Amino acid sequence: SLDILVVASGMNKVAPINDMEPKTFTDVMDANVTQTWLLARAASAQMKVQGHGGKIVLVSSARGLLGHPAGYTAYCASKAAVDGMTKALGCELGPTGITVNAIAPTVFRSPLTSWMFEDNEKANAVRAGFLARVPKGRLGEPEDLAGPLLFLASRASDFYTGHILYADGGYTYWTDFLFQGMFAATAATIISGAVAERIKINSFMAIAFLYVAIVYPIVGSWQWGGGFFSTFISED
């Protein structure tokens with residue numbers, strides 16, 4: 001019988017969009033998306049025949065959520081597609097007892113990333129820039145994937161489907177933090193007009209007041225404070 005499917009194969013080819021051949025793009029999409037879809041299709045058909053559910057775990061990436069300036073159009077697009085597939089299959093297969101989830105790691109030690117773990121000028125510079133945005137302060141090791149994978153492949157995750165589990169040391173928290181700040185700033189701007197009209201004060205003063213009351217506490221509550229702006233704009 002087939003109870004668990006883990007799709008951990010993949011491909012990454014990097015080049016600026018105007019330098020990337022169309023075939024390179026389709027090769028990455030085929031390896032990361034089409035082959036994943038075909039494996040999930042075959043496994044889910046068998047699991048349905050067996051009639052006692054099953055576990056499908058796909059491997060996505062933090063790059064399915066975040067962009068990258070160094071020619072990652074194919075890879076980012078493919079992993080975003082895996083995220084969408086995970087959510088769609090989670091909905092579609094939910095009534096059958098088959099759960100579909102994905103693990104989305106950031107940089108983990110592997111043959112493809114081994115250079116980032118080396119002790120040389122380039123590796124040290126790139127690693128330092130990247131780790132400035134990782135709250136855990138280190139790169140991922142293979143054993144860091146064992147816990148999430150065990151959870152998603154076990155009965156412990158029976159009520160958990162269509163989710164992307166980020167094994168990233170907090171790296172993707174950046175997007176949530178930025179969204180919170182933008183939301184608070186937008187809310188302050190919208191509300192300021194009504195406040196100014198209500199209490200008859202200058203709109204600029206209302207915006208300043210609401211910034212101090214709403215935006216600053218959110219930004220200031222982050223444990224690393226003002227480091228946000230300097231580290232957010234640095235490259236991987």
# chains A, B, ... in the order shown; residues from 1 in each chain; ligands from 1
$ closest_atom_pairs --of "stretch 97-130 of chain A" --to "stretch 32-56 of chain A" --cutoff "12 Å" --atoms "only C-alpha atoms" --output "JSON lines"
{"residue": "A:Gly97", "atom": "CA", "partner": "A:Gly53", "partner_atom": "CA", "distance": 4.2}
{"residue": "A:Ile98", "atom": "CA", "partner": "A:Gly53", "partner_atom": "CA", "distance": 4.4}
{"residue": "A:Thr99", "atom": "CA", "partner": "A:Lys55", "partner_atom": "CA", "distance": 5.2}
{"residue": "A:Val100", "atom": "CA", "partner": "A:Ile56", "partner_atom": "CA", "distance": 4.7}
{"residue": "A:Asn101", "atom": "CA", "partner": "A:Ile56", "partner_atom": "CA", "distance": 6.5}
{"residue": "A:Ala102", "atom": "CA", "partner": "A:Ile56", "partner_atom": "CA", "distance": 8.3}
{"residue": "A:Ile103", "atom": "CA", "partner": "A:Ile56", "partner_atom": "CA", "distance": 10.9}
$ residues_around --residues "A:Thr24" --least-positions-apart "4" --cutoff "10 Å" --atoms "only C-alpha atoms" --output "compact mmCIF listing (two decimals) with C-alpha atoms, in the first residue's frame"
# COMPACT_ATOMS: atom_id res chain seq x y z
CA ASN A 12 17.13 25.65 -9.86
CA LYS A 13 18.71 27.45 -12.80
CA VAL A 14 19.53 31.12 -12.27
CA ALA A 15 19.84 33.88 -14.88
CA MET A 20 17.49 33.01 -19.64
CA VAL A 28 12.64 24.35 -14.13
CA MET A 29 8.84 24.50 -14.26
CA ASP A 30 8.68 20.91 -15.49
CA ALA A 74 11.96 30.47 -12.93
$ atom_distance --atom1 "atom CA of A:Ala125" --atom2 "atom CA of A:Leu139"
13.7 Å
$ residues_around --residues "A:Arg109" --least-positions-apart "3" --cutoff "7 Å" --atoms "only C-alpha atoms" --output "CSV table (one decimal) with C-alpha atoms, in the first residue's frame"
chain,number,residue,atom,x,y,z
A,113,THR,CA,24.4,25.3,-1.2
A,114,SER,CA,27.6,23.9,0.3
A,140,GLY,CA,19.5,25.3,8.1
A,141,GLU,CA,20.9,21.8,8.6
A,142,PRO,CA,19.2,18.6,7.2
$ closest_residue --among "A:Ala80, A:Ala88, A:Ala104, A:Ala128" --to "A:Ser60" --atoms "only C-alpha atoms"
A:Ala104
$ select_by_dssp --residues "stretch 17-178 of chain A" --states "strand (DSSP E)" --output "list in words"
Gly54, Lys55, Ile56, Val57, Leu58, Val59, Ile98, Thr99, Val100, Asn101, Ala102, Ile103, Ala104, Pro105, Ile164, Leu165, Tyr166 and Ala167 of chain A
$ closest_residue --among "A:Asp83, A:Asp19, A:Asp168, A:Glu121" --to "A:Leu58" --atoms "only C-alpha atoms"
A:Asp83
$ residues_around --residues "A:Leu112" --least-positions-apart "4" --cutoff "12 Å" --atoms "only C-alpha atoms" --output "NGL selection string"
:A and (10-13 or 107-108 or 116-117)
$ write_last_selection --atoms "N, CA and C atoms" --output "short mmCIF file (atom, residue, chain, number, x, y, z; two decimals), in the first residue's frame"
data_model
loop_
_atom_site.label_atom_id
_atom_site.label_comp_id
_atom_site.auth_asym_id
_atom_site.auth_seq_id
_atom_site.Cartn_x
_atom_site.Cartn_y
_atom_site.Cartn_z
N GLY A 10 13.87 18.50 -7.27
CA GLY A 10 13.70 19.85 -7.79
C GLY A 10 14.90 20.32 -8.56
N MET A 11 14.78 21.53 -9.11
CA MET A 11 15.83 22.09 -9.95
C MET A 11 15.83 23.61 -9.79
N ASN A 12 17.01 24.20 -9.87
CA ASN A 12 17.13 25.65 -9.86
C ASN A 12 18.18 26.07 -10.88
N LYS A 13 17.77 26.87 -11.84
CA LYS A 13 18.71 27.45 -12.80
C LYS A 13 18.51 28.96 -12.77
N VAL A 107 17.71 28.52 3.09
CA VAL A 107 19.00 27.91 2.72
C VAL A 107 19.35 26.81 3.72
N PHE A 108 19.46 25.58 3.20
CA PHE A 108 19.86 24.42 3.99
C PHE A 108 21.15 23.85 3.40
N MET A 116 28.01 28.16 0.55
CA MET A 116 27.64 29.19 1.52
C MET A 116 28.13 28.85 2.94
N PHE A 117 28.51 27.60 3.14
CA PHE A 117 28.99 27.16 4.45
C PHE A 117 30.52 27.22 4.54
#
$ atom_distance --atom1 "atom CA of A:Cys76" --atom2 "atom CA of A:Phe25"
10.8 Å
$ closest_residue --among "A:Asp158, A:Tyr72, A:Ala62, A:Ala77" --to "A:Tyr173" --atoms "only C-alpha atoms"
A:Ala62
$ select_by_dssp --residues "stretch 41-92 of chain A" --states "alpha helix (DSSP H)" --output "MDAnalysis selection string"
chainID A and resid 41:50 73:92
$ decode --residues "stretch 134-146 of chain A" --atoms "all heavy atoms" --output "PDB file, in the first residue's frame"
ATOM      1  N   VAL A 134      17.737  36.483   9.417  1.00  0.00           N
ATOM      2  CA  VAL A 134      17.274  35.209   9.977  1.00  0.00           C
ATOM      3  C   VAL A 134      17.323  35.304  11.500  1.00  0.00           C
ATOM      4  O   VAL A 134      18.406  35.266  12.093  1.00  0.00           O
ATOM      5  CB  VAL A 134      18.145  34.024   9.494  1.00  0.00           C
ATOM      6  CG1 VAL A 134      17.644  32.713  10.094  1.00  0.00           C
ATOM      7  CG2 VAL A 134      18.130  33.952   7.971  1.00  0.00           C
ATOM      8  N   PRO A 135      16.175  35.439  12.160  1.00  0.00           N
ATOM      9  CA  PRO A 135      16.171  35.589  13.613  1.00  0.00           C
ATOM     10  C   PRO A 135      16.931  34.489  14.352  1.00  0.00           C
ATOM     11  O   PRO A 135      17.532  34.754  15.395  1.00  0.00           O
ATOM     12  CB  PRO A 135      14.680  35.576  13.969  1.00  0.00           C
ATOM     13  CG  PRO A 135      14.020  36.159  12.766  1.00  0.00           C
ATOM     14  CD  PRO A 135      14.813  35.626  11.604  1.00  0.00           C
ATOM     15  N   LYS A 136      16.932  33.266  13.844  1.00  0.00           N
ATOM     16  CA  LYS A 136      17.664  32.187  14.512  1.00  0.00           C
ATOM     17  C   LYS A 136      19.175  32.328  14.353  1.00  0.00           C
ATOM     18  O   LYS A 136      19.949  31.677  15.059  1.00  0.00           O
ATOM     19  CB  LYS A 136      17.224  30.822  13.975  1.00  0.00           C
ATOM     20  CG  LYS A 136      15.805  30.424  14.376  1.00  0.00           C
ATOM     21  CD  LYS A 136      15.674  30.214  15.881  1.00  0.00           C
ATOM     22  CE  LYS A 136      16.405  28.963  16.331  1.00  0.00           C
ATOM     23  NZ  LYS A 136      16.213  28.709  17.782  1.00  0.00           N
ATOM     24  N   GLY A 137      19.629  33.131  13.414  1.00  0.00           N
ATOM     25  CA  GLY A 137      21.038  33.452  13.316  1.00  0.00           C
ATOM     26  C   GLY A 137      21.930  32.389  12.722  1.00  0.00           C
ATOM     27  O   GLY A 137      23.145  32.433  12.918  1.00  0.00           O
ATOM     28  N   ARG A 138      21.371  31.442  11.972  1.00  0.00           N
ATOM     29  CA  ARG A 138      22.205  30.413  11.339  1.00  0.00           C
ATOM     30  C   ARG A 138      21.496  29.870  10.120  1.00  0.00           C
ATOM     31  O   ARG A 138      20.296  30.091   9.912  1.00  0.00           O
ATOM     32  CB  ARG A 138      22.505  29.279  12.319  1.00  0.00           C
ATOM     33  CG  ARG A 138      21.277  28.482  12.767  1.00  0.00           C
ATOM     34  CD  ARG A 138      21.681  27.313  13.643  1.00  0.00           C
ATOM     35  NE  ARG A 138      20.552  26.554  14.151  1.00  0.00           N
ATOM     36  CZ  ARG A 138      19.910  25.590  13.481  1.00  0.00           C
ATOM     37  NH1 ARG A 138      20.299  25.277  12.250  1.00  0.00           N
ATOM     38  NH2 ARG A 138      18.909  24.945  14.041  1.00  0.00           N
ATOM     39  N   LEU A 139      22.256  29.145   9.303  1.00  0.00           N
ATOM     40  CA  LEU A 139      21.676  28.465   8.151  1.00  0.00           C
ATOM     41  C   LEU A 139      21.064  27.138   8.592  1.00  0.00           C
ATOM     42  O   LEU A 139      21.343  26.637   9.682  1.00  0.00           O
ATOM     43  CB  LEU A 139      22.746  28.229   7.086  1.00  0.00           C
ATOM     44  CG  LEU A 139      23.439  29.485   6.540  1.00  0.00           C
ATOM     45  CD1 LEU A 139      24.522  29.091   5.547  1.00  0.00           C
ATOM     46  CD2 LEU A 139      22.439  30.425   5.890  1.00  0.00           C
ATOM     47  N   GLY A 140      20.228  26.564   7.728  1.00  0.00           N
ATOM     48  CA  GLY A 140      19.548  25.319   8.066  1.00  0.00           C
ATOM     49  C   GLY A 140      20.430  24.092   7.885  1.00  0.00           C
ATOM     50  O   GLY A 140      21.293  24.049   7.008  1.00  0.00           O
ATOM     51  N   GLU A 141      20.203  23.115   8.722  1.00  0.00           N
ATOM     52  CA  GLU A 141      20.867  21.815   8.612  1.00  0.00           C
ATOM     53  C   GLU A 141      19.806  20.757   8.273  1.00  0.00           C
ATOM     54  O   GLU A 141      18.622  20.933   8.584  1.00  0.00           O
ATOM     55  CB  GLU A 141      21.560  21.450   9.925  1.00  0.00           C
ATOM     56  CG  GLU A 141      22.678  22.395  10.331  1.00  0.00           C
ATOM     57  CD  GLU A 141      23.916  22.264   9.441  1.00  0.00           C
ATOM     58  OE1 GLU A 141      23.974  21.319   8.624  1.00  0.00           O
ATOM     59  OE2 GLU A 141      24.824  23.116   9.569  1.00  0.00           O
ATOM     60  N   PRO A 142      20.204  19.662   7.632  1.00  0.00           N
ATOM     61  CA  PRO A 142      19.222  18.642   7.241  1.00  0.00           C
ATOM     62  C   PRO A 142      18.330  18.175   8.392  1.00  0.00           C
ATOM     63  O   PRO A 142      17.134  17.941   8.203  1.00  0.00           O
ATOM     64  CB  PRO A 142      20.100  17.502   6.717  1.00  0.00           C
ATOM     65  CG  PRO A 142      21.321  18.186   6.190  1.00  0.00           C
ATOM     66  CD  PRO A 142      21.555  19.347   7.121  1.00  0.00           C
ATOM     67  N   GLU A 143      18.907  18.073   9.592  1.00  0.00           N
ATOM     68  CA  GLU A 143      18.104  17.592  10.719  1.00  0.00           C
ATOM     69  C   GLU A 143      16.993  18.574  11.096  1.00  0.00           C
ATOM     70  O   GLU A 143      16.027  18.193  11.769  1.00  0.00           O
ATOM     71  CB  GLU A 143      18.986  17.308  11.936  1.00  0.00           C
ATOM     72  CG  GLU A 143      19.886  18.429  12.358  1.00  0.00           C
ATOM     73  CD  GLU A 143      21.280  18.345  11.743  1.00  0.00           C
ATOM     74  OE1 GLU A 143      21.420  17.787  10.637  1.00  0.00           O
ATOM     75  OE2 GLU A 143      22.225  18.838  12.394  1.00  0.00           O
ATOM     76  N   ASP A 144      17.112  19.839  10.670  1.00  0.00           N
ATOM     77  CA  ASP A 144      16.050  20.808  10.959  1.00  0.00           C
ATOM     78  C   ASP A 144      14.773  20.519  10.174  1.00  0.00           C
ATOM     79  O   ASP A 144      13.706  21.050  10.506  1.00  0.00           O
ATOM     80  CB  ASP A 144      16.528  22.228  10.631  1.00  0.00           C
ATOM     81  CG  ASP A 144      17.622  22.708  11.565  1.00  0.00           C
ATOM     82  OD1 ASP A 144      17.508  22.455  12.777  1.00  0.00           O
ATOM     83  OD2 ASP A 144      18.582  23.331  11.090  1.00  0.00           O
ATOM     84  N   LEU A 145      14.886  19.700   9.138  1.00  0.00           N
ATOM     85  CA  LEU A 145      13.705  19.313   8.356  1.00  0.00           C
ATOM     86  C   LEU A 145      13.032  18.055   8.908  1.00  0.00           C
ATOM     87  O   LEU A 145      11.899  17.749   8.528  1.00  0.00           O
ATOM     88  CB  LEU A 145      14.097  19.066   6.895  1.00  0.00           C
ATOM     89  CG  LEU A 145      14.533  20.292   6.095  1.00  0.00           C
ATOM     90  CD1 LEU A 145      14.987  19.865   4.707  1.00  0.00           C
ATOM     91  CD2 LEU A 145      13.388  21.296   5.991  1.00  0.00           C
ATOM     92  N   ALA A 146      13.725  17.339   9.785  1.00  0.00           N
ATOM     93  CA  ALA A 146      13.193  16.061  10.270  1.00  0.00           C
ATOM     94  C   ALA A 146      11.898  16.252  11.050  1.00  0.00           C
ATOM     95  O   ALA A 146      10.921  15.512  10.859  1.00  0.00           O
ATOM     96  CB  ALA A 146      14.237  15.355  11.133  1.00  0.00           C
TER      97      ALA A 146
END
